[in-house]
Amino acid sequence: MTIANVNRVIELFAGAFAALRARATMPQIERMAVTVHCAMENKRRAYHKSAHVFQLCEGMNPRQVLAALFHDVVYYQLDGGYPQHAAVALEGVALNRGGELILPETGKDDPALQLCAGIFGFQPGQVLRLSSGMNEFLSAALAARLLLPYLQTRDLIAVVACIEATVPFRGTDHYGRDMAAALADRVSEQSRKLLGKVSGDEIDRHTAEVLGDAIKLANRDVAGFEEPNPGKFLVETWQLIEESNAPLDAVGVYTLRDYRIALSRMEKFYGALNPENIFHQFNSFPGDAEFARLKEAAGKNIVFACGFLGAKIAAIAIIEALALETGGDCPVSMFLGDIRSHGGKPDRAEDFLPPSKAAPDISEQLLQVLKKGRTDASNNDLNESPLTSFMYGYLGHDGTAKALRLAKRMFESELSAFDFLKGLDREMISAIIGACAKIATSRRDALLKLQTTLFKS
């Protein structure tokens with residue numbers, strides 16, 4: 001048996017407060033827990049939910065637990081603003097000017113916001129941007145305001161610093177400092193300012209302790225990048241795709257273009273990632289050998305994700321091209337069939353495909369993930385990728401990469417849909433057209449006519 005998620009959040013708060021000897025009553029703890037829980041269970045979220053928080057909290061110390069509980073509470077662009085239960089507590093944290101959030105002047109009457117600005121290195125008048133940690137800053141401001149009455153200053157500094165460390169994928173700043181070194185400087189500065197008459201050695205010890213907590217939490221937050229099983233790694237990828245692409249919520253309705261754009265966004269995101277900027281190190285934590293292993297694993301997963309997504313984009317581009325040549329964009333289900341049906345197993349285009357070939361240069365690992373699917377099911381998409389595995393088997397790794405390049409030219413209107421199709425393997429395209437003609441009844445005649453036109457010469 002398991003307890004309700006909200007009660008689990010309450011227990012995490014209560015345990016952290018007890019360990020830190022913070023005098024908060026159970027009703028006060030409950031209010032904070034409900035604020036966090038309601039934000040994390042927003043129906044638009046797929047990855048940044050309570051399960052992610054619980055995973056982060058396992059084996060962590062109380063300051064890390066409090067940071068983990070708050071670090072994703074605000075997800076401004078996804079939730080459509082501040083979480084409902086947190087809106088009052090976040091009043092005045094940022095000014096909305098023309099759709100941009102601006103950090104206001106932080107007076108002495110708002111020490112929580114001053115602390116957050118100092119730890120994040122933000123200045124009054126600065127535009128809060130996603131890439132620079134907007135959501136993490138707003139989440140930290142919420143945490144600081146709610147926790148200020150209960151925590152000692154050194155603990156509050158640690159919680160805010162741990163949340164700041166979860167801003168992902170950062171390289172060196174304009175001073176040449178990596179994320180950890182820059183954060184250490186800001187933690188040291190805020191500690192000197194706020195902890196009173198303490199020695200320089202004590203400030204250094206406190207800074208090192210805080211950074212140790214922060215780096216451990218930050219690296220766990222991106223631990224999926226060290227996952228040795230690519231099928232498991234892709235689960236998080238798919239959750240992020242679904243979370244950041246609202247049209248995919250309309251299962252059976254989202255179009256070929258909607259689906260292709262969602263895949264393309266994620267492929268572009270992974271293609272821009274530097275594996276050197278996924279995990280972080282401070283004062284030889286983690287150790288050099290472990291740090292090198294983490295970076296190598298991240299690099300392999302990024303390459304795999306790009307290959308997987310590129311193959312998926314090339315395959316859906318074929319169907320999009322068929323749609324464009326026979327009447328225009330349409331729901332994915334019109335050409336490929338429904339994902340699931342209350343009346344039993346629905347007819348799917350792959351049911352009518354012949355056995356695929358086995359090109360000599362395929363990646364067996366990628367082919368197996370395409371055939372067998374990611375390790376967790378999706379509500380918005382098939383878990384397996386039968387059409388993509390069919391195409392990949394025919395074209396091989398290099399042929400699929402070539403098809404992707406041609407597809408991107410089609411997306412940019414540099415190549416017609418007809419010429420894109422004509423540039424691919426004739427036998428493969430003919431088989432796909434025949435399979436889609438079994439499903440897309442309203443396009444059947446047009447598809448068969450296209451098949452004849454494509455290959456008449």
# chains A, B, ... in the order shown; residues from 1 in each chain; ligands from 1
>>> residues_around(residues="A:Ala165", least_positions_apart="6", cutoff="9 Å", atoms="only C-alpha atoms", output="ChimeraX atom specification")
/A:136,179-180,183,211,214-215,217-219
>>> residues_around(residues="stretch 307-309 of chain A", least_positions_apart="3", cutoff="12 Å", atoms="only C-alpha atoms", output="short mmCIF file (atom, residue, chain, number, x, y, z; two decimals) with C-alpha atoms, in the first residue's frame")
data_model
loop_
_atom_site.label_atom_id
_atom_site.label_comp_id
_atom_site.auth_asym_id
_atom_site.auth_seq_id
_atom_site.Cartn_x
_atom_site.Cartn_y
_atom_site.Cartn_z
CA PRO A 230 18.47 4.08 -23.87
CA GLY A 231 14.84 2.96 -23.68
CA PHE A 233 16.47 7.49 -21.07
CA LEU A 234 13.92 8.13 -23.81
CA THR A 237 12.53 12.64 -23.40
CA TRP A 238 9.00 11.67 -24.33
CA ILE A 241 7.92 16.35 -25.52
CA TYR A 259 3.69 15.88 -34.28
CA ARG A 260 6.64 16.67 -36.54
CA ILE A 261 7.14 20.10 -34.94
CA ALA A 262 7.12 18.56 -31.46
CA LEU A 263 9.78 16.05 -32.47
CA SER A 264 11.83 18.70 -34.24
CA ARG A 265 11.88 20.98 -31.21
CA MET A 266 13.26 18.21 -29.05
CA GLU A 267 15.80 17.15 -31.67
CA LYS A 268 17.02 20.75 -31.91
CA PHE A 269 17.23 20.93 -28.12
CA TYR A 270 19.34 17.78 -27.85
CA GLY A 271 21.45 18.78 -30.83
CA LYS A 300 26.26 8.86 -25.56
CA ASN A 301 22.65 9.51 -24.55
CA ILE A 302 22.55 12.82 -26.40
CA VAL A 303 23.84 11.17 -29.58
CA PHE A 304 21.33 8.34 -29.19
CA LYS A 312 11.19 9.55 -36.12
CA ILE A 313 11.17 12.92 -37.92
CA ALA A 314 12.24 11.36 -41.22
CA ALA A 315 9.49 8.74 -40.95
CA ILE A 316 6.70 11.16 -40.08
CA ALA A 317 7.97 13.46 -42.86
CA ILE A 362 21.93 -0.11 -38.95
CA SER A 363 22.52 0.51 -35.25
CA GLN A 365 20.54 -0.74 -30.37
CA LEU A 366 18.53 1.98 -32.10
CA LEU A 367 16.57 -0.55 -34.15
CA GLN A 368 15.63 -2.51 -31.03
CA VAL A 369 14.34 0.61 -29.25
CA LEU A 370 12.33 1.55 -32.34
CA LYS A 371 10.86 -1.96 -32.50
CA GLY A 373 9.64 0.88 -27.68
CA ARG A 374 10.51 3.00 -24.68
CA GLU A 384 6.90 1.40 -30.27
CA SER A 385 7.85 3.03 -33.58
CA THR A 388 10.19 4.29 -38.20
CA SER A 389 11.75 0.87 -37.67
CA TYR A 392 15.24 2.51 -40.74
CA GLY A 396 20.04 2.09 -42.75
CA HIS A 397 21.77 4.67 -40.59
CA ASP A 398 23.31 6.76 -43.36
CA THR A 400 18.01 7.67 -42.66
CA ALA A 401 20.33 10.62 -42.05
CA LEU A 404 16.26 13.56 -42.58
#
>>> residues_around(residues="A:Leu447", least_positions_apart="3", cutoff="9 Å", atoms="only C-alpha atoms", output="ChimeraX atom specification")
/A:322-323,325-326,433-434,436-437,440,443-444,450-452
>>> residues_around(residues="A:His52", least_positions_apart="4", cutoff="10 Å", atoms="only C-alpha atoms", output="PyMOL selection string")
chain A and resi 40+46-48+56-57+68-69+72+221
>>> atom_distance(atom1="atom CA of A:Cys116", atom2="atom CA of A:Ala272")
28.6 Å
>>> residues_around(residues="A:Ala435", least_positions_apart="2", cutoff="7 Å", atoms="only C-alpha atoms", output="ChimeraX atom specification")
/A:349-350,352-353,431-433,437-438
>>> write_last_selection(atoms="N, CA and C atoms", output="mmCIF file, in the first residue's frame")
data_model
loop_
_atom_site.group_PDB
_atom_site.id
_atom_site.type_symbol
_atom_site.label_atom_id
_atom_site.label_comp_id
_atom_site.auth_asym_id
_atom_site.auth_seq_id
_atom_site.Cartn_x
_atom_site.Cartn_y
_atom_site.Cartn_z
ATOM 1 N N ALA A 349 -1.543 1.338 -39.821
ATOM 2 C CA ALA A 349 -0.860 1.231 -41.113
ATOM 3 C C ALA A 349 0.212 0.151 -41.091
ATOM 4 N N GLU A 350 0.910 0.016 -39.966
ATOM 5 C CA GLU A 350 1.991 -0.975 -39.909
ATOM 6 C C GLU A 350 1.489 -2.409 -40.054
ATOM 7 N N PHE A 352 -0.190 -3.417 -42.331
ATOM 8 C CA PHE A 352 -0.228 -3.714 -43.762
ATOM 9 C C PHE A 352 1.135 -3.529 -44.432
ATOM 10 N N LEU A 353 2.162 -3.345 -43.611
ATOM 11 C CA LEU A 353 3.509 -3.224 -44.163
ATOM 12 C C LEU A 353 4.139 -4.601 -44.317
ATOM 13 N N ALA A 431 5.556 0.650 -50.516
ATOM 14 C CA ALA A 431 4.966 -0.150 -49.442
ATOM 15 C C ALA A 431 4.234 0.734 -48.436
ATOM 16 N N ILE A 432 4.806 1.869 -48.107
ATOM 17 C CA ILE A 432 4.171 2.777 -47.146
ATOM 18 C C ILE A 432 2.886 3.361 -47.723
ATOM 19 N N ILE A 433 2.917 3.727 -49.002
ATOM 20 C CA ILE A 433 1.705 4.246 -49.632
ATOM 21 C C ILE A 433 0.604 3.188 -49.608
ATOM 22 N N ALA A 437 -2.938 3.598 -47.676
ATOM 23 C CA ALA A 437 -4.173 3.539 -48.459
ATOM 24 C C ALA A 437 -5.203 2.613 -47.812
ATOM 25 N N LYS A 438 -4.752 1.657 -47.021
ATOM 26 C CA LYS A 438 -5.677 0.769 -46.301
ATOM 27 C C LYS A 438 -6.365 1.492 -45.142
#
>>> select_by_dssp(residues="stretch 150-303 of chain A", states="alpha helix (DSSP H)", output="ChimeraX atom specification")
/A:153-165,179-194,200-221,230-243,256-272,288-303
>>> residues_around(residues="stretch 282-297 of chain A", least_positions_apart="6", cutoff="7 Å", atoms="only C-alpha atoms", output="PDB file with N, CA and C atoms, in the first residue's frame")
ATOM      1  N   ALA A 180      29.541  25.888 -10.826  1.00  0.00           N
ATOM      2  CA  ALA A 180      29.821  25.664  -9.412  1.00  0.00           C
ATOM      3  C   ALA A 180      30.675  26.783  -8.823  1.00  0.00           C
ATOM      4  N   PHE A 225      20.512  11.489 -17.711  1.00  0.00           N
ATOM      5  CA  PHE A 225      21.545  11.530 -18.746  1.00  0.00           C
ATOM      6  C   PHE A 225      22.647  10.497 -18.524  1.00  0.00           C
ATOM      7  N   GLU A 226      22.682   9.871 -17.359  1.00  0.00           N
ATOM      8  CA  GLU A 226      23.666   8.803 -17.151  1.00  0.00           C
ATOM      9  C   GLU A 226      23.028   7.417 -17.257  1.00  0.00           C
ATOM     10  N   PRO A 275      27.569  17.935 -23.789  1.00  0.00           N
ATOM     11  CA  PRO A 275      27.650  16.971 -22.680  1.00  0.00           C
ATOM     12  C   PRO A 275      28.556  17.427 -21.546  1.00  0.00           C
ATOM     13  N   GLU A 276      29.428  18.401 -21.821  1.00  0.00           N
ATOM     14  CA  GLU A 276      30.289  18.939 -20.769  1.00  0.00           C
ATOM     15  C   GLU A 276      29.499  19.781 -19.773  1.00  0.00           C
TER      16      GLU A 276
END
>>> atom_distance(atom1="atom CA of A:Pro168", atom2="atom CA of A:Gln126")
19.6 Å
>>> select_by_dssp(residues="stretch 55-258 of chain A", states="strand (DSSP E)", output="ChimeraX atom specification")
/A:95-97,100-102,127-128
>>> atom_distance(atom1="atom CA of A:Val74", atom2="atom CA of A:Glu105")
21.0 Å
>>> closest_residue(among="A:Met134, A:Val187, A:Ala51, A:Leu151", to="A:Ala19", atoms="only C-alpha atoms")
A:Leu151
>>> closest_residue(among="A:Arg145, A:Arg220, A:Arg8, A:Lys449", to="A:Gln55", atoms="only C-alpha atoms")
A:Arg220
>>> closest_residue(among="A:Leu12, A:Arg31, A:Ala305, A:Asp361", to="A:Val53", atoms="only C-alpha atoms")
A:Leu12
>>> closest_residue(among="A:Gly133, A:Gly212, A:Pro149, A:Gly196", to="A:Arg170", atoms="only C-alpha atoms")
A:Gly133
